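Working notes, structure below.
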Amino acid sequence: MSDILYPNQVEYLEKLRREEDSLILEIELFAKKNKIPILNWNAAEFLEQLIKIHTPKKVLEIGTAIGYSTIRIAKNLNDNSFVETIDFSPSSIAIAKTNFEKSDMNPKIKQLEGNALQILPSLSIKYDFIFLDAYKKDYINLFNLSLKLLKQDGIIFVDNLLWQGFTASKTVPEKFRSSTTQIRNFNQLFVNEPSLKATILPIGDGIGLGIKK
């Protein structure tokens with residue numbers, strides 16, 4: 001986020017933050033200490049607001065990690081609504097399960113364990129809201145599979161589309177060149193997808209927001 005906003009803007013926004021959920025803060029601290037990438041808190045607050053506004057009954061998350069965004073989605077869902085979340089990492093799945101138990105959100109969360117590229121084609125229901133935050137090399141394939149599962153007027157929410165500012169940079173460090181190219185290619189596909197009203201917002205690490213026509 002510091003590569004997208006000026007440092008003084010980041011500091012200002014952090015001073016205004018009023019997060020009261022101790023578990024959310026605990027998970028953020030754990031992620032920071034263990035260098036686990038999670039959704040930026042500013043983008044997570046925006047995600048929560050969209051869930052409140054859109055009131056989806058069926059949500060799909062691709063990329064559970066340690067359950068941070070899953071919990072933030074679940075706690076804003078109405079009764080009789082749920083979020084299904086996919087991940088293949090046994091260690092992440094185990095940590096996420098523990099966090100779900102702490103959150104008391106288990107009744108609204110269903111974990112799907114395995115490769116999302118294999119799981120998505122097996123899903124038969126349509127979702128009101130899909131959140132994509134997985135390996136960047138798989139973004140295009142996961143996006144195409146996700147669109148088939150998204151209802152008309154449903155929302156797709158994609159993280160990391162500014163990729164620490166590198167997608168808009170002329171100079172990219174060597175270790176980020178491949179991933180930056182992947183995200184740039186995805187962004188072109190995303191904003192030109194004919195079945196979506198799509199835009200990219202400079203929130204967090206860059207959020208892609210699309211509404212299915």
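Following the order of the structure tokens, chains are lettered A, B, ..., residues in each are numbered from 1, and ligands are numbered from 1.
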
Cut-off 7 Å: closest region 55-77 of chain A/region 122-136 of chain A atom pairs per residue, using only C-alpha atoms, as JSON lines:
{"residue": "A:Pro56", "atom": "CA", "partner": "A:Asp128", "partner_atom": "CA", "distance": 5.3}
{"residue": "A:Lys57", "atom": "CA", "partner": "A:Asp128", "partner_atom": "CA", "distance": 6.6}
{"residue": "A:Lys58", "atom": "CA", "partner": "A:Tyr127", "partner_atom": "CA", "distance": 5.0}
{"residue": "A:Val59", "atom": "CA", "partner": "A:Phe129", "partner_atom": "CA", "distance": 4.8}
{"residue": "A:Leu60", "atom": "CA", "partner": "A:Ile130", "partner_atom": "CA", "distance": 4.7}
{"residue": "A:Glu61", "atom": "CA", "partner": "A:Phe131", "partner_atom": "CA", "distance": 4.7}
{"residue": "A:Ile62", "atom": "CA", "partner": "A:Leu132", "partner_atom": "CA", "distance": 4.9}
{"residue": "A:Gly63", "atom": "CA", "partner": "A:Ala134", "partner_atom": "CA", "distance": 4.9}

Requested in this report: For Arg72 (chain A), please output as number ranges by chain all residues within 8 Å (counting only C-alpha atoms; exclusion window: fewer than 4 positions along the same chain).
Outcome: A: 44, 48, 68, 76

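Shell of Asn42 (chain A) at 10 Å, with only C-alpha atoms counted and residues fewer than 2 places along the chain excluded, is Met1, Val10, Leu13, Glu14, Arg17, Leu39, Asn40, Ala44, Glu45, Phe46, Leu47, Ile203, Gly204 and Asp205 of chain A.
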
Keeping only C-alpha atoms, write the selected residues as a compact mmCIF listing (two decimals), in the first residue's frame.
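To be explicit, this is the file written out as part-v3.txt:
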# COMPACT_ATOMS: atom_id res chain seq x y z
CA MET A 1 0.00 0.00 0.00
CA VAL A 10 -1.10 5.77 4.76
CA LEU A 13 -5.71 6.60 7.22
CA GLU A 14 -4.27 4.30 9.89
CA ARG A 17 -9.03 3.45 11.72
CA LEU A 39 -6.09 -8.47 2.25
CA ASN A 40 -5.08 -4.94 3.19
CA ALA A 44 -11.09 -5.42 3.78
CA GLU A 45 -13.28 -2.64 5.17
CA PHE A 46 -14.43 -1.88 1.63
CA LEU A 47 -15.17 -5.58 1.12
CA ILE A 203 -7.78 0.75 -2.63
CA GLY A 204 -5.32 -1.39 -0.70
CA ASP A 205 -3.13 -3.13 -3.29

**Report entry** Nearest residue to Leu25 (chain A) from the set A:Trp41, A:Leu201, A:Arg177, A:Gln152 (distances using only C-alpha atoms)
**Finding:** A:Trp41

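Checking A:Thr167, A:Asn115, A:Ser103, A:Asn160 one by one against Leu142 (chain A), counting only C-alpha atoms, you find the shortest gap at A:Asn115.
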
Query raised in the report: Within 12 Å of Lys175 (chain A), counting only C-alpha atoms, which residues qualify if same-chain residues fewer than 5 places away don't, as a ChimeraX atom specification?
Result: /A:166,180-181

Output of the above residues as a tab-separated table (two decimals), in the first residue's frame, restricted to N, CA and C atoms:
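Produced file part27.tsv, reproduced below:
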chain	number	residue	atom	x	y	z
A	166	PHE	N	3.67	-1.86	-9.05
A	166	PHE	CA	4.50	-2.29	-10.17
A	166	PHE	C	3.76	-2.31	-11.51
A	180	THR	N	4.27	-9.27	-12.38
A	180	THR	CA	3.74	-8.00	-12.86
A	180	THR	C	3.16	-8.14	-14.26
A	181	THR	N	3.84	-8.88	-15.11
A	181	THR	CA	3.32	-9.14	-16.46
A	181	THR	C	2.01	-9.90	-16.40

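If only C-alpha atoms are the atoms counted, then among A:Asn80, A:Ile4, A:Ile66, A:Ile156 the closest residue to Gly206 (chain A) is A:Ile4.
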
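The nearest approach to Phe88 (chain A) among the residues A:Leu50, A:Ile24, A:Leu5, A:Ala116, with only C-alpha atoms taken into account, belongs to A:Ala116.
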
Requested in this report: Can you list, as a VMD selection string, all residues belonging to chain A that DSSP tags as helix (DSSP H, G or I)?
Outcome: chain A and resid 7 to 16 22 to 33 41 to 54 68 to 74 90 to 103 106 to 108 116 to 122 136 to 149 163 to 168 174 to 191

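From CA of Ile86 (chain A) back to CA of Val158 (chain A), the distance works out to 14.7 Å.
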
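The shell of residues at most 6 Å from Glu84 (chain A), with only C-alpha atoms counted and near chain neighbours (fewer than 3 positions) removed, consists of Leu60, Ile109, Lys110 and Gln111 of chain A.
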
Could you write out the selected residues, including N, CA and C atoms, as a CSV table (one decimal), in the first residue's frame?
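See out_27.csv below for the written result:
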chain,number,residue,atom,x,y,z
A,60,LEU,N,-18.4,-17.0,-2.7
A,60,LEU,CA,-17.3,-17.9,-2.9
A,60,LEU,C,-16.0,-17.1,-2.8
A,109,ILE,N,-19.5,-20.7,7.4
A,109,ILE,CA,-18.2,-20.9,6.6
A,109,ILE,C,-18.1,-22.4,6.2
A,110,LYS,N,-17.8,-22.6,4.9
A,110,LYS,CA,-17.5,-24.0,4.5
A,110,LYS,C,-16.2,-24.0,3.8
A,111,GLN,N,-15.2,-24.8,4.3
A,111,GLN,CA,-13.9,-24.9,3.6
A,111,GLN,C,-13.9,-25.9,2.6

Query raised in the report: Any idea what's packed within 7 Å of Phe186 (chain A), counting only C-alpha atoms, ignoring anything in its chain fewer than 3 positions away? Could you give it as number ranges by chain?
Result: A: 139-140, 182-183, 189-190

Keeping only C-alpha atoms, take the residues you just selected and write them out as a short mmCIF file (atom, residue, chain, number, x, y, z; two decimals), in the first residue's frame.
data_model
loop_
_atom_site.label_atom_id
_atom_site.label_comp_id
_atom_site.auth_asym_id
_atom_site.auth_seq_id
_atom_site.Cartn_x
_atom_site.Cartn_y
_atom_site.Cartn_z
CA TYR A 139 -5.65 -15.42 -12.14
CA ILE A 140 -6.85 -15.56 -15.74
CA GLN A 182 0.71 -11.65 -15.32
CA ILE A 183 -1.27 -8.97 -13.47
CA LEU A 189 -8.75 -8.95 -19.71
CA PHE A 190 -10.71 -7.82 -16.65
#

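The closest residue to Gly154 (chain A), picked from A:Ile27, A:Ile95, A:Leu16, A:Ile211 and counting only C-alpha atoms, is A:Ile211.
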
**Report entry** Nearest to Ile71 (chain A) by atom-to-atom distance, counting only C-alpha atoms, from A:Ser91, A:Gln49, A:Ser146, A:Asn99
**Finding:** A:Asn99
